[in-house]
>>> print(open('upload_34.txt').read())   # compact mmCIF, C-alpha atoms (C1' of nucleotides)
# COMPACT_ATOMS: atom_id res chain seq x y z
CA MET O 1 -31.21 -13.97 22.96
CA LYS O 2 -33.05 -12.20 20.22
CA SER O 3 -31.18 -11.75 16.97
CA ASP O 4 -31.17 -8.42 15.17
CA LEU O 5 -33.03 -10.14 12.40
CA ASP O 6 -35.85 -11.04 14.77
CA ALA O 7 -36.24 -7.40 15.73
CA ILE O 8 -35.95 -6.09 12.19
CA PHE O 9 -38.29 -8.56 10.52
CA SER O 10 -40.91 -8.33 13.22
CA ALA O 11 -40.73 -4.54 13.12
CA LEU O 12 -41.31 -4.72 9.38
CA ALA O 13 -44.19 -7.16 9.74
CA ASP O 14 -46.62 -4.43 10.79
CA PRO O 15 -48.23 -2.31 8.05
CA THR O 16 -48.45 0.78 10.26
CA ARG O 17 -44.73 0.61 10.91
CA ARG O 18 -43.93 0.07 7.24
CA ALA O 19 -46.06 3.09 6.41
CA ILE O 20 -44.18 5.14 9.00
CA LEU O 21 -40.86 4.14 7.45
CA THR O 22 -42.19 5.12 4.04
CA MET O 23 -43.21 8.53 5.35
CA LEU O 24 -39.75 9.02 6.81
CA LEU O 25 -38.25 8.42 3.38
CA GLU O 26 -39.40 11.95 2.57
CA ASP O 27 -38.03 13.71 5.60
CA ASP O 28 -37.45 13.57 9.33
CA MET O 29 -40.65 14.06 11.30
CA ALA O 30 -41.85 14.86 14.80
CA VAL O 31 -43.80 12.15 16.62
CA THR O 32 -47.03 14.15 16.48
CA ASP O 33 -46.67 14.62 12.73
CA VAL O 34 -45.95 10.95 12.22
CA ALA O 35 -49.18 10.16 14.05
CA GLU O 36 -51.33 12.62 12.13
CA PRO O 37 -52.38 10.46 9.14
CA PHE O 38 -53.21 7.45 11.29
CA ASP O 39 -56.45 6.67 13.00
CA ILE O 40 -54.88 5.42 16.19
CA SER O 41 -53.83 7.11 19.40
CA LEU O 42 -50.58 8.99 19.80
CA ALA O 43 -49.59 6.49 22.47
CA ALA O 44 -49.93 3.65 19.97
CA ILE O 45 -47.73 5.51 17.49
CA SER O 46 -45.23 6.16 20.24
CA LYS O 47 -45.04 2.40 20.86
CA HIS O 48 -44.55 1.69 17.16
CA LEU O 49 -41.75 4.23 17.07
CA SER O 50 -39.99 2.64 20.00
CA ILE O 51 -40.22 -0.75 18.31
CA LEU O 52 -38.70 0.75 15.17
CA THR O 53 -36.01 2.37 17.30
CA ARG O 54 -35.18 -0.87 19.09
CA ALA O 55 -34.85 -2.54 15.69
CA GLY O 56 -32.47 0.24 14.63
CA LEU O 57 -34.67 1.20 11.71
CA ILE O 58 -35.10 4.76 12.92
CA SER O 59 -33.39 7.00 15.44
CA GLN O 60 -35.07 9.56 17.66
CA GLU O 61 -33.57 12.78 18.89
CA LYS O 62 -35.25 15.17 21.26
CA ARG O 63 -34.84 18.86 20.49
CA GLY O 64 -36.81 20.97 22.90
CA ARG O 65 -40.25 19.51 23.40
CA VAL O 66 -40.15 17.83 20.05
CA LYS O 67 -38.75 14.38 19.37
CA TRP O 68 -37.58 14.00 15.80
CA CYS O 69 -37.62 10.68 13.99
CA ARG O 70 -35.04 9.88 11.35
CA LEU O 71 -34.96 6.90 9.03
CA GLU O 72 -31.91 4.67 9.47
CA PRO O 73 -32.02 2.56 6.33
CA GLU O 74 -28.67 0.94 7.03
CA ALA O 75 -30.38 -1.26 9.61
CA MET O 76 -32.24 -2.90 6.79
CA ARG O 77 -29.05 -4.02 5.17
CA GLU O 78 -28.61 -7.00 7.46
CA ALA O 79 -32.09 -8.28 6.66
CA SER O 80 -31.67 -7.45 3.01
CA VAL O 81 -28.43 -9.36 2.79
CA TRP O 82 -30.02 -12.33 4.51
CA MET O 83 -32.83 -12.38 1.99
CA GLN O 84 -30.58 -11.85 -1.01
CA GLY O 85 -28.85 -15.08 -0.09
CA PHE O 86 -31.99 -16.96 -1.08
CA GLY O 87 -32.06 -15.98 -4.69
CA GLN O 88 -30.23 -14.05 -7.30
CA PHE O 89 -32.87 -11.39 -7.44
CA ASP O 90 -32.62 -8.87 -10.20
CA PRO O 91 -31.22 -5.48 -9.38
CA VAL O 92 -33.87 -3.22 -7.95
CA ASP O 93 -36.77 -2.60 -10.30
CA LEU O 94 -37.97 0.87 -9.44
CA ASP O 95 -41.29 0.62 -11.26
CA HIS O 96 -42.01 -2.49 -9.30
CA PHE O 97 -41.07 -0.66 -6.14
CA GLU O 98 -43.33 2.28 -6.89
CA ARG O 99 -46.30 -0.02 -7.26
CA PHE O 100 -45.56 -1.46 -3.85
CA LEU O 101 -45.24 1.99 -2.41
CA GLU O 102 -48.63 2.95 -3.78
CA ARG O 103 -50.17 -0.19 -2.39
CA GLU O 104 -48.59 0.51 0.98
CA LEU O 105 -49.70 4.11 1.09
CA GLY O 106 -53.04 3.58 -0.58
CA GLY O 107 -54.14 0.60 1.48
CA MET Z 1 -56.87 -7.37 4.31
CA LYS Z 2 -53.43 -8.60 5.10
CA SER Z 3 -50.75 -7.65 2.63
CA ASP Z 4 -48.32 -10.25 1.34
CA LEU Z 5 -45.61 -8.26 3.05
CA ASP Z 6 -47.27 -8.80 6.41
CA ALA Z 7 -47.24 -12.55 5.89
CA ILE Z 8 -43.71 -12.64 4.54
CA PHE Z 9 -42.06 -10.41 7.12
CA SER Z 10 -43.83 -12.01 10.04
CA ALA Z 11 -42.92 -15.46 8.74
CA LEU Z 12 -39.30 -14.31 8.57
CA ALA Z 13 -39.42 -12.83 12.06
CA ASP Z 14 -39.09 -16.20 13.75
CA PRO Z 15 -35.61 -17.73 14.09
CA THR Z 16 -36.89 -21.30 13.82
CA ARG Z 17 -38.56 -20.48 10.54
CA ARG Z 18 -35.47 -18.70 9.20
CA ALA Z 19 -33.41 -21.75 10.15
CA ILE Z 20 -35.85 -23.98 8.30
CA LEU Z 21 -35.55 -21.83 5.18
CA THR Z 22 -31.78 -22.01 5.45
CA MET Z 23 -31.92 -25.80 5.67
CA LEU Z 24 -34.11 -25.90 2.60
CA LEU Z 25 -31.46 -23.98 0.67
CA GLU Z 26 -29.53 -27.24 0.56
CA ASP Z 27 -32.31 -29.48 -0.64
CA ASP Z 28 -35.98 -30.36 -0.40
CA MET Z 29 -36.83 -32.12 2.84
CA ALA Z 30 -39.56 -34.21 4.42
CA VAL Z 31 -41.38 -32.69 7.41
CA THR Z 32 -39.88 -35.21 9.82
CA ASP Z 33 -36.37 -34.43 8.60
CA VAL Z 34 -36.98 -30.71 8.91
CA ALA Z 35 -37.99 -31.27 12.51
CA GLU Z 36 -35.04 -33.46 13.43
CA PRO Z 37 -32.48 -30.79 14.46
CA PHE Z 38 -34.98 -28.83 16.54
CA ASP Z 39 -35.88 -29.37 20.15
CA ILE Z 40 -39.57 -28.83 19.67
CA SER Z 41 -42.45 -31.12 18.81
CA LEU Z 42 -43.27 -32.24 15.32
CA ALA Z 43 -46.61 -30.51 15.65
CA ALA Z 44 -44.86 -27.20 16.30
CA ILE Z 45 -42.72 -27.68 13.20
CA SER Z 46 -45.81 -28.53 11.23
CA LYS Z 47 -47.31 -25.21 12.28
CA HIS Z 48 -44.16 -23.33 11.29
CA LEU Z 49 -44.25 -25.02 7.91
CA SER Z 50 -47.82 -24.04 7.32
CA ILE Z 51 -47.02 -20.43 8.18
CA LEU Z 52 -44.14 -20.52 5.69
CA THR Z 53 -46.47 -22.06 3.13
CA ARG Z 54 -49.13 -19.40 3.65
CA ALA Z 55 -46.46 -16.76 3.15
CA GLY Z 56 -45.47 -18.46 -0.09
CA LEU Z 57 -41.91 -18.99 1.09
CA ILE Z 58 -42.09 -22.75 0.71
CA SER Z 59 -44.37 -25.22 -1.04
CA GLN Z 60 -45.36 -28.63 0.23
CA GLU Z 61 -46.17 -31.67 -1.85
CA LYS Z 62 -47.30 -35.01 -0.50
CA ARG Z 63 -45.83 -38.08 -2.14
CA GLY Z 64 -46.97 -41.25 -0.46
CA ARG Z 65 -46.77 -40.84 3.31
CA VAL Z 66 -44.13 -38.20 3.01
CA LYS Z 67 -44.74 -34.48 2.58
CA TRP Z 68 -41.87 -32.75 0.88
CA CYS Z 69 -40.99 -29.14 1.54
CA ARG Z 70 -39.43 -27.01 -1.18
CA LEU Z 71 -38.00 -23.53 -0.83
CA GLU Z 72 -39.78 -20.91 -2.94
CA PRO Z 73 -37.33 -18.02 -2.83
CA GLU Z 74 -39.28 -15.97 -5.35
CA ALA Z 75 -41.72 -15.08 -2.59
CA MET Z 76 -38.96 -13.13 -0.94
CA ARG Z 77 -38.61 -10.89 -3.93
CA GLU Z 78 -41.52 -8.67 -2.98
CA ALA Z 79 -40.11 -8.07 0.47
CA SER Z 80 -36.62 -7.66 -0.90
CA VAL Z 81 -37.76 -5.06 -3.41
CA TRP Z 82 -39.60 -3.18 -0.69
CA MET Z 83 -36.48 -3.05 1.45
CA GLN Z 84 -34.20 -2.10 -1.41
CA GLY Z 85 -36.27 1.02 -1.86
CA PHE Z 86 -34.92 2.32 1.43
CA GLY Z 87 -31.33 2.49 0.46
CA GLN Z 88 -29.00 1.93 -2.39
CA PHE Z 89 -27.48 -1.08 -0.75
CA ASP Z 90 -24.38 -2.48 -2.33
CA PRO Z 91 -24.72 -5.57 -4.43
CA VAL Z 92 -24.83 -8.67 -2.28
CA ASP Z 93 -21.71 -9.16 -0.22
CA LEU Z 94 -21.35 -12.91 0.01
CA ASP Z 95 -18.79 -12.91 2.80
CA HIS Z 96 -21.19 -10.85 4.83
CA PHE Z 97 -23.93 -13.30 3.99
CA GLU Z 98 -21.90 -16.31 5.03
CA ARG Z 99 -21.29 -14.80 8.43
CA PHE Z 100 -25.02 -14.36 8.87
CA LEU Z 101 -25.61 -17.92 7.76
CA GLU Z 102 -23.15 -19.20 10.32
CA ARG Z 103 -24.78 -17.15 13.02
CA GLU Z 104 -28.19 -18.46 11.99
CA LEU Z 105 -27.07 -22.07 11.86
CA GLY Z 106 -24.75 -21.88 14.82
CA GLY Z 107 -27.46 -20.82 17.19
C1' DC V 1 -45.76 31.44 37.51
C1' DG V 2 -49.40 29.07 34.97
C1' DC V 3 -51.05 27.03 30.98
C1' DA V 4 -50.75 24.72 26.54
C1' DT V 5 -48.12 21.44 23.78
C1' DG V 6 -45.44 17.17 22.91
C1' DT V 7 -44.57 12.68 24.41
C1' DT V 8 -44.39 8.78 27.35
C1' DC V 9 -45.99 5.73 31.14
C1' DA V 10 -49.18 2.49 33.37
C1' DA V 11 -52.96 -0.29 33.55
C1' DC V 12 -55.91 -2.69 31.07
C1' DC V 13 -58.23 -5.52 27.17
C1' DA V 14 -58.73 -8.61 23.08
C1' DC V 15 -56.45 -11.36 20.24
C1' DA V 16 -52.39 -13.69 17.98
C1' DT V 17 -48.43 -16.64 18.53
C1' DG V 18 -45.47 -20.50 19.81
C1' DG V 19 -45.40 -24.16 22.40
C1' DT V 20 -47.41 -28.61 24.57
C1' DT V 21 -49.93 -33.23 24.56
C1' DG V 22 -53.04 -36.75 22.89
C1' DA V 23 -55.97 -38.50 19.46
C1' DC V 24 -56.64 -39.17 14.79
C1' DG V 25 -56.17 -40.06 9.53
C1' DA V 26 -53.32 -41.84 6.00
C1' DT V 27 -49.98 -44.68 4.02
C1' DC V 28 -46.64 -48.35 3.66
C1' DC V 29 -45.03 -53.01 4.90
C1' DG V 30 -44.84 -57.74 6.88
C1' DC Q 1 -55.24 -57.62 8.52
C1' DG Q 2 -52.26 -55.35 11.97
C1' DG Q 3 -48.54 -52.57 13.22
C1' DA Q 4 -45.29 -48.84 12.42
C1' DT Q 5 -44.40 -44.40 10.38
C1' DC Q 6 -45.68 -39.65 8.76
C1' DG Q 7 -48.14 -35.78 9.57
C1' DT Q 8 -52.09 -32.90 11.10
C1' DC Q 9 -55.84 -31.60 14.19
C1' DA Q 10 -57.89 -30.01 18.54
C1' DA Q 11 -57.66 -28.33 22.97
C1' DC Q 12 -55.12 -26.04 25.96
C1' DC Q 13 -51.57 -22.74 28.18
C1' DA Q 14 -48.32 -18.82 28.69
C1' DT Q 15 -46.69 -14.91 26.68
C1' DG Q 16 -46.49 -11.16 23.34
C1' DT Q 17 -48.72 -7.58 20.57
C1' DG Q 18 -51.53 -3.70 19.19
C1' DG Q 19 -54.81 -1.05 20.76
C1' DT Q 20 -57.28 1.93 24.42
C1' DT Q 21 -57.58 5.57 28.20
C1' DG Q 22 -56.04 8.63 31.77
C1' DA Q 23 -52.34 10.42 34.35
C1' DA Q 24 -47.78 12.12 34.36
C1' DC Q 25 -43.55 14.43 32.82
C1' DA Q 26 -41.03 17.95 30.13
C1' DT Q 27 -40.68 22.00 27.73
C1' DG Q 28 -41.92 26.43 25.60
C1' DC Q 29 -44.66 30.70 25.95
C1' DG Q 30 -47.49 34.67 27.63
>>> encode(input="upload_34.txt", output="structure tokens")
Amino acid sequence: MKSDLDAIFSALADPTRRAILTMLLEDDMAVTDVAEPFDISLAAISKHLSILTRAGLISQEKRGRVKWCRLEPEAMREASVWMQGFGQFDPVDLDHFERFLERELGG
Amino acid sequence: MKSDLDAIFSALADPTRRAILTMLLEDDMAVTDVAEPFDISLAAISKHLSILTRAGLISQEKRGRVKWCRLEPEAMREASVWMQGFGQFDPVDLDHFERFLERELGG
DNA sequence: CGCATGTTCAACCACATGGTTGACGATCCG
DNA sequence: CGGATCGTCAACCATGTGGTTGAACATGCG
């Protein structure tokens, strides 16, 4: 039986999926719009989105023809809590975070 | 070029490897002792350990015949920071964490 | 209706992953 | 030296993953 953590960490292990999550930080998006910046097929994006959905990291709601994707950051809490148990990390350093964001988006 | 986050998250995606990390919270351990509670071959454990090492989550040092494994929790910081950017999670809830630990250790 | 748009499904391919076993290298000990 | 212990390596196997393409389904629009 697969733990939630399995699903969450393996969903996060792919750079395309992390980039998608980062895009969804800005706003909800339709599947086609999520796919736009990537160089892979819509079908591939659709698979990534269903992996993210299964992990609980996003939710998808169909309105008309369009399926909207919404970030569900709460799902990350479980994984975050697990990791926090391994060290007394400092409170979030936003500068640090922005550099990671840039690296994620830029690379 | 694989990001550190790729290596870290995919290392964390496996329950055997998470269990190993949890064991190493207690103390440094020899490879053979790490393997003892698991039902898989020593060679398989050795592979898991080298994946954790490549991700920077543990370090290994050979003293005599014995190779000691040490937790390197700092490596989790990068991933932790990345995740924290997705939500203003509450400060670590230790009760919550203990329940996860039990679930991890208990099977 | 009939067509374009949005999204998924199915079949397929290449490659990575987690496991096995057996041989091997290295180190300690009698 | 010779044997036991510690650990990795190599070859192999089954399964999973990320990608492709082409067909299909669902919905909105003229």
>>> interface_residues(input="upload_34.txt", of="chain Z", to="chain Q", cutoff="9 Å", atoms="all atoms listed in the file", output="VMD selection string")
chain Z and resid 31 to 32 42 to 43 46 65 to 67
>>> write_last_selection(input="upload_34.txt", atoms="C-alpha atoms", output="CSV table (one decimal), keeping the file's coordinate frame")
chain,number,residue,atom,x,y,z
Z,31,VAL,CA,-41.4,-32.7,7.4
Z,32,THR,CA,-39.9,-35.2,9.8
Z,42,LEU,CA,-43.3,-32.2,15.3
Z,43,ALA,CA,-46.6,-30.5,15.6
Z,46,SER,CA,-45.8,-28.5,11.2
Z,65,ARG,CA,-46.8,-40.8,3.3
Z,66,VAL,CA,-44.1,-38.2,3.0
Z,67,LYS,CA,-44.7,-34.5,2.6
>>> interface_residues(input="upload_34.txt", of="chain V", to="chain O", cutoff="10 Å", atoms="all atoms listed in the file", output="PyMOL selection string")
chain V and resi 5-9
>>> closest_residue(input="upload_34.txt", among="Z:Arg17, Z:Arg54, Z:His48, Z:Arg63", to="chain O", atoms="all atoms listed in the file")
Z:Arg17
>>> atom_distance(input="upload_34.txt", atom1="CA of Ser59 (chain Z)", atom2="CA of Met23 (chain Z)")
14.2 Å
>>> interface_residues(input="upload_34.txt", of="chain O", to="chain Z", cutoff="7 Å", atoms="all atoms listed in the file", output="list in words")
Leu5, Asp6, Phe9, Ser10, Leu12, Ala13, Asp14, Pro15, Pro73, Met76, Arg77, Ser80, Val81, Trp82, Met83, Gln84, Gly85, Phe86, Gly87, Phe89, Val92, Phe97 and Phe100 of chain O
>>> atom_distance(input="upload_34.txt", atom1="CA of Val34 (chain O)", atom2="CA of Ile51 (chain O)")
14.4 Å
>>> atom_distance(input="upload_34.txt", atom1="CA of Ile20 (chain Z)", atom2="C1' of DT20 (chain V)")
20.5 Å
>>> decode(input="upload_34.txt", residues="region 8-19 of chain V", atoms="all heavy atoms", output="short mmCIF file (atom, residue, chain, number, x, y, z; two decimals), in the first residue's frame")
data_model
loop_
_atom_site.label_atom_id
_atom_site.label_comp_id
_atom_site.auth_asym_id
_atom_site.auth_seq_id
_atom_site.Cartn_x
_atom_site.Cartn_y
_atom_site.Cartn_z
P DT V 8 -7.33 16.02 -18.98
OP1 DT V 8 -7.73 15.99 -17.57
OP2 DT V 8 -5.96 16.36 -19.36
"O5'" DT V 8 -7.70 14.59 -19.63
"C5'" DT V 8 -9.04 14.17 -19.63
"C4'" DT V 8 -9.19 12.90 -20.48
"O4'" DT V 8 -8.82 13.18 -21.84
"C3'" DT V 8 -8.30 11.74 -20.02
"O3'" DT V 8 -9.13 10.61 -19.88
"C2'" DT V 8 -7.30 11.59 -21.15
"C1'" DT V 8 -8.12 12.08 -22.34
N1 DT V 8 -7.34 12.57 -23.51
C2 DT V 8 -7.55 11.98 -24.73
O2 DT V 8 -8.33 11.07 -24.91
N3 DT V 8 -6.81 12.52 -25.76
C4 DT V 8 -5.90 13.57 -25.68
O4 DT V 8 -5.30 13.97 -26.67
C5 DT V 8 -5.73 14.14 -24.37
C7 DT V 8 -4.78 15.27 -24.17
C6 DT V 8 -6.46 13.62 -23.35
P DC V 9 -8.59 9.25 -19.18
OP1 DC V 9 -9.65 8.80 -18.25
OP2 DC V 9 -7.22 9.47 -18.71
"O5'" DC V 9 -8.53 8.21 -20.40
"C5'" DC V 9 -9.57 8.23 -21.37
"C4'" DC V 9 -9.26 7.26 -22.48
"O4'" DC V 9 -8.52 7.95 -23.52
"C3'" DC V 9 -8.39 6.07 -22.06
"O3'" DC V 9 -8.91 4.90 -22.68
"C2'" DC V 9 -7.01 6.42 -22.58
"C1'" DC V 9 -7.35 7.24 -23.82
N1 DC V 9 -6.33 8.25 -24.21
C2 DC V 9 -5.96 8.36 -25.57
O2 DC V 9 -6.47 7.60 -26.39
N3 DC V 9 -5.05 9.29 -25.92
C4 DC V 9 -4.52 10.09 -25.00
N4 DC V 9 -3.62 11.00 -25.40
C5 DC V 9 -4.89 10.00 -23.62
C6 DC V 9 -5.79 9.07 -23.27
P DA V 10 -8.41 3.44 -22.22
OP1 DA V 10 -9.63 2.61 -22.14
OP2 DA V 10 -7.52 3.55 -21.05
"O5'" DA V 10 -7.55 2.94 -23.47
"C5'" DA V 10 -7.92 3.36 -24.79
"C4'" DA V 10 -6.93 2.78 -25.78
"O4'" DA V 10 -6.01 3.79 -26.21
"C3'" DA V 10 -6.07 1.64 -25.23
"O3'" DA V 10 -5.82 0.73 -26.28
"C2'" DA V 10 -4.81 2.36 -24.77
"C1'" DA V 10 -4.69 3.43 -25.85
N9 DA V 10 -4.01 4.65 -25.42
C8 DA V 10 -4.00 5.20 -24.17
N7 DA V 10 -3.31 6.32 -24.09
C5 DA V 10 -2.84 6.52 -25.38
C6 DA V 10 -2.06 7.52 -25.96
N6 DA V 10 -1.58 8.56 -25.29
N1 DA V 10 -1.78 7.41 -27.28
C2 DA V 10 -2.25 6.37 -27.97
N3 DA V 10 -3.01 5.36 -27.53
C4 DA V 10 -3.27 5.50 -26.21
P DA V 11 -5.17 -0.72 -25.95
OP1 DA V 11 -6.09 -1.73 -26.54
OP2 DA V 11 -4.77 -0.80 -24.54
"O5'" DA V 11 -3.85 -0.67 -26.85
"C5'" DA V 11 -3.97 -0.16 -28.18
"C4'" DA V 11 -2.60 0.24 -28.67
"O4'" DA V 11 -2.23 1.52 -28.09
"C3'" DA V 11 -1.49 -0.74 -28.29
"O3'" DA V 11 -0.79 -1.09 -29.47
"C2'" DA V 11 -0.61 0.04 -27.31
"C1'" DA V 11 -0.86 1.48 -27.74
N9 DA V 11 -0.66 2.48 -26.69
C8 DA V 11 -1.10 2.42 -25.40
N7 DA V 11 -0.76 3.48 -24.68
C5 DA V 11 -0.06 4.28 -25.57
C6 DA V 11 0.56 5.53 -25.43
N6 DA V 11 0.59 6.22 -24.30
N1 DA V 11 1.18 6.04 -26.52
C2 DA V 11 1.16 5.34 -27.67
N3 DA V 11 0.61 4.15 -27.92
C4 DA V 11 0.01 3.67 -26.82
P DC V 12 0.35 -2.26 -29.45
OP1 DC V 12 0.36 -2.85 -30.80
OP2 DC V 12 0.21 -3.07 -28.25
"O5'" DC V 12 1.68 -1.40 -29.28
"C5'" DC V 12 2.02 -0.50 -30.32
"C4'" DC V 12 3.05 0.46 -29.82
"O4'" DC V 12 2.54 1.19 -28.69
"C3'" DC V 12 4.34 -0.18 -29.29
"O3'" DC V 12 5.35 -0.07 -30.28
"C2'" DC V 12 4.70 0.64 -28.07
"C1'" DC V 12 3.66 1.75 -28.05
N1 DC V 12 3.32 2.21 -26.69
C2 DC V 12 3.78 3.46 -26.29
O2 DC V 12 4.45 4.13 -27.07
N3 DC V 12 3.49 3.91 -25.03
C4 DC V 12 2.76 3.15 -24.21
N4 DC V 12 2.49 3.63 -23.00
C5 DC V 12 2.26 1.88 -24.61
C6 DC V 12 2.57 1.45 -25.85
P DC V 13 6.74 -0.94 -30.07
OP1 DC V 13 7.18 -1.32 -31.42
OP2 DC V 13 6.55 -1.96 -29.01
"O5'" DC V 13 7.72 0.15 -29.50
"C5'" DC V 13 7.82 1.41 -30.16
"C4'" DC V 13 8.75 2.30 -29.36
"O4'" DC V 13 8.03 2.84 -28.24
"C3'" DC V 13 9.95 1.56 -28.79
"O3'" DC V 13 11.16 2.20 -29.16
"C2'" DC V 13 9.74 1.58 -27.28
"C1'" DC V 13 8.82 2.77 -27.08
N1 DC V 13 7.92 2.64 -25.91
C2 DC V 13 7.92 3.62 -24.92
O2 DC V 13 8.67 4.59 -25.03
N3 DC V 13 7.10 3.48 -23.85
C4 DC V 13 6.29 2.40 -23.76
N4 DC V 13 5.50 2.31 -22.70
C5 DC V 13 6.28 1.40 -24.76
C6 DC V 13 7.10 1.54 -25.81
P DA V 14 12.59 1.45 -28.81
OP1 DA V 14 13.47 1.59 -29.99
OP2 DA V 14 12.35 0.12 -28.20
"O5'" DA V 14 13.14 2.42 -27.67
"C5'" DA V 14 13.09 3.83 -27.88
"C4'" DA V 14 13.65 4.51 -26.64
"O4'" DA V 14 12.66 4.46 -25.60
"C3'" DA V 14 14.90 3.84 -26.08
"O3'" DA V 14 15.81 4.85 -25.66
"C2'" DA V 14 14.39 2.98 -24.93
"C1'" DA V 14 13.15 3.76 -24.47
N9 DA V 14 12.06 2.92 -23.98
C8 DA V 14 11.63 1.73 -24.51
N7 DA V 14 10.60 1.20 -23.87
C5 DA V 14 10.35 2.12 -22.86
C6 DA V 14 9.39 2.14 -21.83
N6 DA V 14 8.48 1.20 -21.64
N1 DA V 14 9.41 3.20 -20.98
C2 DA V 14 10.32 4.15 -21.17
N3 DA V 14 11.28 4.24 -22.09
C4 DA V 14 11.23 3.18 -22.92
P DC V 15 17.23 4.39 -25.00
OP1 DC V 15 18.20 5.43 -25.41
OP2 DC V 15 17.49 2.95 -25.21
"O5'" DC V 15 16.95 4.62 -23.44
"C5'" DC V 15 16.28 5.81 -23.03
"C4'" DC V 15 15.89 5.68 -21.58
"O4'" DC V 15 14.77 4.79 -21.45
"C3'" DC V 15 17.01 5.11 -20.69
"O3'" DC V 15 17.16 6.01 -19.62
"C2'" DC V 15 16.46 3.75 -20.26
"C1'" DC V 15 14.96 4.01 -20.29
N1 DC V 15 14.10 2.80 -20.42
C2 DC V 15 13.01 2.66 -19.54
O2 DC V 15 12.80 3.55 -18.70
N3 DC V 15 12.21 1.57 -19.65
C4 DC V 15 12.45 0.65 -20.57
N4 DC V 15 11.63 -0.39 -20.63
C5 DC V 15 13.55 0.77 -21.47
C6 DC V 15 14.35 1.85 -21.37
P DA V 16 18.34 5.83 -18.53
OP1 DA V 16 19.06 7.12 -18.42
OP2 DA V 16 19.08 4.58 -18.76
"O5'" DA V 16 17.47 5.69 -17.20
"C5'" DA V 16 16.43 6.64 -16.98
"C4'" DA V 16 15.67 6.29 -15.73
"O4'" DA V 16 14.81 5.15 -15.98
"C3'" DA V 16 16.53 5.92 -14.54
"O3'" DA V 16 15.93 6.50 -13.39
"C2'" DA V 16 16.51 4.38 -14.53
"C1'" DA V 16 15.13 4.09 -15.09
N9 DA V 16 15.01 2.87 -15.89
C8 DA V 16 15.78 2.49 -16.95
N7 DA V 16 15.42 1.35 -17.48
C5 DA V 16 14.33 0.96 -16.73
C6 DA V 16 13.48 -0.17 -16.78
N6 DA V 16 13.62 -1.14 -17.68
N1 DA V 16 12.48 -0.26 -15.88
C2 DA V 16 12.34 0.73 -14.98
N3 DA V 16 13.06 1.83 -14.82
C4 DA V 16 14.05 1.88 -15.74
P DT V 17 16.56 6.28 -11.92
OP1 DT V 17 16.20 7.47 -11.12
OP2 DT V 17 17.96 5.83 -12.06
"O5'" DT V 17 15.70 5.05 -11.35
"C5'" DT V 17 14.30 5.16 -11.27
"C4'" DT V 17 13.76 3.92 -10.59
"O4'" DT V 17 13.76 2.82 -11.51
"C3'" DT V 17 14.62 3.49 -9.39
"O3'" DT V 17 13.74 3.29 -8.30
"C2'" DT V 17 15.27 2.19 -9.85
"C1'" DT V 17 14.24 1.67 -10.85
N1 DT V 17 14.74 0.77 -11.92
C2 DT V 17 14.02 -0.35 -12.22
O2 DT V 17 13.00 -0.67 -11.61
N3 DT V 17 14.53 -1.13 -13.23
C4 DT V 17 15.67 -0.87 -13.97
O4 DT V 17 16.03 -1.63 -14.86
C5 DT V 17 16.38 0.33 -13.62
C7 DT V 17 17.60 0.71 -14.36
C6 DT V 17 15.88 1.10 -12.62
P DG V 18 14.23 3.11 -6.81
OP1 DG V 18 13.36 3.92 -5.94
OP2 DG V 18 15.68 3.30 -6.80
"O5'" DG V 18 13.93 1.57 -6.56
"C5'" DG V 18 12.58 1.12 -6.53
"C4'" DG V 18 12.61 -0.38 -6.35
"O4'" DG V 18 13.08 -0.98 -7.57
"C3'" DG V 18 13.56 -0.85 -5.25
"O3'" DG V 18 12.91 -1.84 -4.46
"C2'" DG V 18 14.75 -1.40 -6.01
"C1'" DG V 18 14.11 -1.89 -7.29
N9 DG V 18 15.01 -1.94 -8.44
C8 DG V 18 16.02 -1.06 -8.75
N7 DG V 18 16.67 -1.38 -9.84
C5 DG V 18 16.06 -2.53 -10.28
C6 DG V 18 16.33 -3.33 -11.41
O6 DG V 18 17.19 -3.18 -12.27
N1 DG V 18 15.45 -4.41 -11.49
C2 DG V 18 14.44 -4.69 -10.59
N2 DG V 18 13.70 -5.77 -10.82
N3 DG V 18 14.19 -3.94 -9.53
C4 DG V 18 15.03 -2.88 -9.43
P DG V 19 13.58 -2.39 -3.16
OP1 DG V 19 12.52 -2.54 -2.15
OP2 DG V 19 14.76 -1.57 -2.86
"O5'" DG V 19 14.12 -3.83 -3.61
"C5'" DG V 19 13.22 -4.89 -3.76
"C4'" DG V 19 13.71 -5.91 -4.75
"O4'" DG V 19 14.15 -5.30 -5.96
"C3'" DG V 19 14.95 -6.74 -4.35
"O3'" DG V 19 14.62 -7.76 -3.41
"C2'" DG V 19 15.32 -7.34 -5.69
"C1'" DG V 19 14.88 -6.27 -6.68
N9 DG V 19 16.02 -5.62 -7.34
C8 DG V 19 16.61 -4.42 -7.04
N7 DG V 19 17.60 -4.11 -7.83
C5 DG V 19 17.69 -5.17 -8.71
C6 DG V 19 18.56 -5.41 -9.80
O6 DG V 19 19.48 -4.68 -10.21
N1 DG V 19 18.31 -6.61 -10.43
C2 DG V 19 17.32 -7.49 -10.06
N2 DG V 19 17.21 -8.61 -10.77
N3 DG V 19 16.48 -7.28 -9.06
C4 DG V 19 16.72 -6.11 -8.42
#
